[in-house]
Each structure stands twice: as C-alpha cells, then as structure tokens.
Amino acid sequence: MAGKIVINKELCKGCALCIGACPQKLIVIAEEINSKGYHPAEFVDSKGACTGCTLCASMCPEVAIEVFRADKT
Ligand code: SF4
Ligand code: SF4
C-alpha cells in the first residue's frame, strides 16, 4: 500500500504535531517561511515509505494535510 500527503503550506502554522504523529518520520519543518511567517511542515518521502495511514492529517489542528492512498483492490 502506498500513500502520499499534500501539505497546504499557507494553512500550516508549523506546530509540528504531524511530525510527531508520523510513524515513518516523513515530515520535517521547512527552512522556508510561508506568507504568515511560519515555517511550514514539509513531506519528504524519497523512498515511498508513506502508508497513507492518515495519522498526520488527523493530528493537524489546521486541517492542512490531505492524504492520498493507493489501495490495491
Ligand atoms: S499518512 Fe501516515 S505515513 Fe504518510 S506521512 Fe502521514 S503519518 Fe506519515
Ligand atoms: S500539524 Fe498541521 S499545522 Fe501543525 S505543522 Fe503539521 S501541517 Fe502544520
């Protein structure tokens, strides 16, 4: 099962809750800042390790994370 997430950088406030939530450790805080002055979370998954578990998205108080999952049916 493979997944991926898309983080809306403008909604993100850089609280890092998603970073602690990800069992695969696929989210980091970006060096760039968004238009509100926050360092947003960034998805880094060079090995395709995201399972699409949605833990990150369910943790996000800003609802800034969208999860896409390719289930094999
Ligand atoms: S969906 Fe799961 S594995 Fe993928 S980034 Fe979010 S917490 Fe990590
Ligand atoms: S939990 Fe949401 S607001 Fe907090 S850093 Fe992650 S994406 Fe940004």
# chains A, B, ... in the order shown; residues from 1 in each chain; ligands from 1

$ residues_around --residues "range 16-20 of chain A" --least-positions-apart "6" --cutoff "7 Å" --atoms "only C-alpha atoms" --output "ChimeraX atom specification"
/A:27-28,41,56,59-60

$ residues_near_ligand --ligand "ligand 1" --cutoff "9 Å" --atoms "only C-alpha atoms and all ligand atoms" --output "PyMOL selection string"
chain A and resi 2-6+18-27+43-45+49-59+65-69

$ write_last_selection --atoms "C-alpha atoms" --output "PDB file, in the first residue's frame"
ATOM      1  CA  ALA A   2       1.373   3.360  -0.953  1.00  0.00           C
ATOM      2  CA  GLY A   3       0.324   6.755   0.144  1.00  0.00           C
ATOM      3  CA  LYS A   4       1.263  10.354  -0.096  1.00  0.00           C
ATOM      4  CA  ILE A   5       0.272  13.582   1.541  1.00  0.00           C
ATOM      5  CA  VAL A   6      -0.048  17.136   0.372  1.00  0.00           C
ATOM      6  CA  CYS A  18       2.153  15.966  12.407  1.00  0.00           C
ATOM      7  CA  ILE A  19       5.886  15.353  12.675  1.00  0.00           C
ATOM      8  CA  GLY A  20       5.482  13.509  15.950  1.00  0.00           C
ATOM      9  CA  ALA A  21       2.460  11.655  14.610  1.00  0.00           C
ATOM     10  CA  CYS A  22       4.097  10.085  11.558  1.00  0.00           C
ATOM     11  CA  PRO A  23       5.322   6.541  12.326  1.00  0.00           C
ATOM     12  CA  GLN A  24       7.570   6.686   9.257  1.00  0.00           C
ATOM     13  CA  LYS A  25       9.127  10.073  10.165  1.00  0.00           C
ATOM     14  CA  LEU A  26       8.346  11.548   6.761  1.00  0.00           C
ATOM     15  CA  ILE A  27       7.551  15.119   7.776  1.00  0.00           C
ATOM     16  CA  PHE A  43       6.643  15.995   3.280  1.00  0.00           C
ATOM     17  CA  VAL A  44       9.918  14.214   2.488  1.00  0.00           C
ATOM     18  CA  ASP A  45       9.452  10.678   1.227  1.00  0.00           C
ATOM     19  CA  ALA A  49       7.528   4.891   2.693  1.00  0.00           C
ATOM     20  CA  CYS A  50       4.245   6.685   3.341  1.00  0.00           C
ATOM     21  CA  THR A  51       1.486   4.187   4.045  1.00  0.00           C
ATOM     22  CA  GLY A  52      -1.360   6.659   3.830  1.00  0.00           C
ATOM     23  CA  CYS A  53      -2.255   5.901   7.445  1.00  0.00           C
ATOM     24  CA  THR A  54      -3.736   9.428   7.894  1.00  0.00           C
ATOM     25  CA  LEU A  55      -2.305   9.840  11.398  1.00  0.00           C
ATOM     26  CA  CYS A  56      -0.622  13.092  10.383  1.00  0.00           C
ATOM     27  CA  ALA A  57      -3.804  14.557   8.934  1.00  0.00           C
ATOM     28  CA  SER A  58      -5.950  13.559  11.896  1.00  0.00           C
ATOM     29  CA  MET A  59      -3.484  15.320  14.205  1.00  0.00           C
ATOM     30  CA  ILE A  65      -2.878  17.871   5.313  1.00  0.00           C
ATOM     31  CA  GLU A  66      -4.604  15.894   2.601  1.00  0.00           C
ATOM     32  CA  VAL A  67      -3.833  12.178   2.358  1.00  0.00           C
ATOM     33  CA  PHE A  68      -3.918  10.171  -0.850  1.00  0.00           C
ATOM     34  CA  ARG A  69      -3.786   6.407  -0.693  1.00  0.00           C
TER      35      ARG A  69
END

$ select_by_dssp --residues "chain A" --states "strand (DSSP E)" --output "PyMOL selection string"
chain A and resi 2-7+27-29+41-43+65-70

$ write_last_selection --atoms "N, CA and C atoms" --output "PDB file, in the first residue's frame"
ATOM      1  N   ALA A   2       0.577   2.141  -0.869  1.00  0.00           N
ATOM      2  CA  ALA A   2       1.373   3.360  -0.953  1.00  0.00           C
ATOM      3  C   ALA A   2       0.488   4.564  -0.722  1.00  0.00           C
ATOM      4  N   GLY A   3       1.083   5.543  -0.099  1.00  0.00           N
ATOM      5  CA  GLY A   3       0.324   6.755   0.144  1.00  0.00           C
ATOM      6  C   GLY A   3       1.168   7.978  -0.099  1.00  0.00           C
ATOM      7  N   LYS A   4       0.522   9.095  -0.092  1.00  0.00           N
ATOM      8  CA  LYS A   4       1.263  10.354  -0.096  1.00  0.00           C
ATOM      9  C   LYS A   4       0.392  11.426   0.529  1.00  0.00           C
ATOM     10  N   ILE A   5       1.041  12.486   0.972  1.00  0.00           N
ATOM     11  CA  ILE A   5       0.272  13.582   1.541  1.00  0.00           C
ATOM     12  C   ILE A   5       0.634  14.873   0.829  1.00  0.00           C
ATOM     13  N   VAL A   6      -0.307  15.792   0.868  1.00  0.00           N
ATOM     14  CA  VAL A   6      -0.048  17.136   0.372  1.00  0.00           C
ATOM     15  C   VAL A   6      -0.348  18.094   1.515  1.00  0.00           C
ATOM     16  N   ILE A   7       0.652  18.887   1.870  1.00  0.00           N
ATOM     17  CA  ILE A   7       0.502  19.847   2.963  1.00  0.00           C
ATOM     18  C   ILE A   7       0.250  21.225   2.374  1.00  0.00           C
ATOM     19  N   ILE A  27       7.900  13.696   7.812  1.00  0.00           N
ATOM     20  CA  ILE A  27       7.551  15.119   7.776  1.00  0.00           C
ATOM     21  C   ILE A  27       8.610  15.902   8.545  1.00  0.00           C
ATOM     22  N   VAL A  28       9.031  16.992   7.960  1.00  0.00           N
ATOM     23  CA  VAL A  28      10.036  17.858   8.585  1.00  0.00           C
ATOM     24  C   VAL A  28       9.521  19.298   8.554  1.00  0.00           C
ATOM     25  N   ILE A  29      10.179  20.165   9.288  1.00  0.00           N
ATOM     26  CA  ILE A  29       9.854  21.590   9.204  1.00  0.00           C
ATOM     27  C   ILE A  29      10.730  22.219   8.124  1.00  0.00           C
ATOM     28  N   ALA A  41       5.297  22.674   7.656  1.00  0.00           N
ATOM     29  CA  ALA A  41       5.718  21.288   7.564  1.00  0.00           C
ATOM     30  C   ALA A  41       5.924  20.924   6.097  1.00  0.00           C
ATOM     31  N   GLU A  42       6.830  19.985   5.878  1.00  0.00           N
ATOM     32  CA  GLU A  42       7.166  19.571   4.519  1.00  0.00           C
ATOM     33  C   GLU A  42       7.231  18.039   4.485  1.00  0.00           C
ATOM     34  N   PHE A  43       6.671  17.457   3.450  1.00  0.00           N
ATOM     35  CA  PHE A  43       6.643  15.995   3.280  1.00  0.00           C
ATOM     36  C   PHE A  43       7.892  15.565   2.528  1.00  0.00           C
ATOM     37  N   ILE A  65      -3.457  19.050   5.962  1.00  0.00           N
ATOM     38  CA  ILE A  65      -2.878  17.871   5.313  1.00  0.00           C
ATOM     39  C   ILE A  65      -3.957  17.055   4.631  1.00  0.00           C
ATOM     40  N   GLU A  66      -3.714  16.761   3.369  1.00  0.00           N
ATOM     41  CA  GLU A  66      -4.604  15.894   2.601  1.00  0.00           C
ATOM     42  C   GLU A  66      -3.854  14.598   2.313  1.00  0.00           C
ATOM     43  N   VAL A  67      -4.485  13.474   2.542  1.00  0.00           N
ATOM     44  CA  VAL A  67      -3.833  12.178   2.358  1.00  0.00           C
ATOM     45  C   VAL A  67      -4.410  11.484   1.134  1.00  0.00           C
ATOM     46  N   PHE A  68      -3.517  10.953   0.327  1.00  0.00           N
ATOM     47  CA  PHE A  68      -3.918  10.171  -0.850  1.00  0.00           C
ATOM     48  C   PHE A  68      -3.371   8.764  -0.676  1.00  0.00           C
ATOM     49  N   ARG A  69      -4.210   7.792  -0.902  1.00  0.00           N
ATOM     50  CA  ARG A  69      -3.786   6.407  -0.693  1.00  0.00           C
ATOM     51  C   ARG A  69      -4.184   5.573  -1.897  1.00  0.00           C
ATOM     52  N   ALA A  70      -3.215   4.782  -2.363  1.00  0.00           N
ATOM     53  CA  ALA A  70      -3.478   3.885  -3.490  1.00  0.00           C
ATOM     54  C   ALA A  70      -3.651   2.477  -2.945  1.00  0.00           C
TER      55      ALA A  70
END

$ select_by_dssp --residues "range 3-72 of chain A" --states "alpha helix (DSSP H)" --output "list in words"
Leu17, Cys18, Ile19, Gly20, Ala21, Leu55, Cys56, Ala57, Ser58 and Met59 of chain A

$ closest_residue --among "A:Glu10, A:Asp71, A:Glu62, A:Ser35" --to "ligand 2" --atoms "only C-alpha atoms and all ligand atoms"
A:Glu62

$ atom_distance --atom1 "CA of Gly14 in chain A" --atom2 "atom 7 (S, counted along the ligand's line) of ligand 2"
6.5 Å
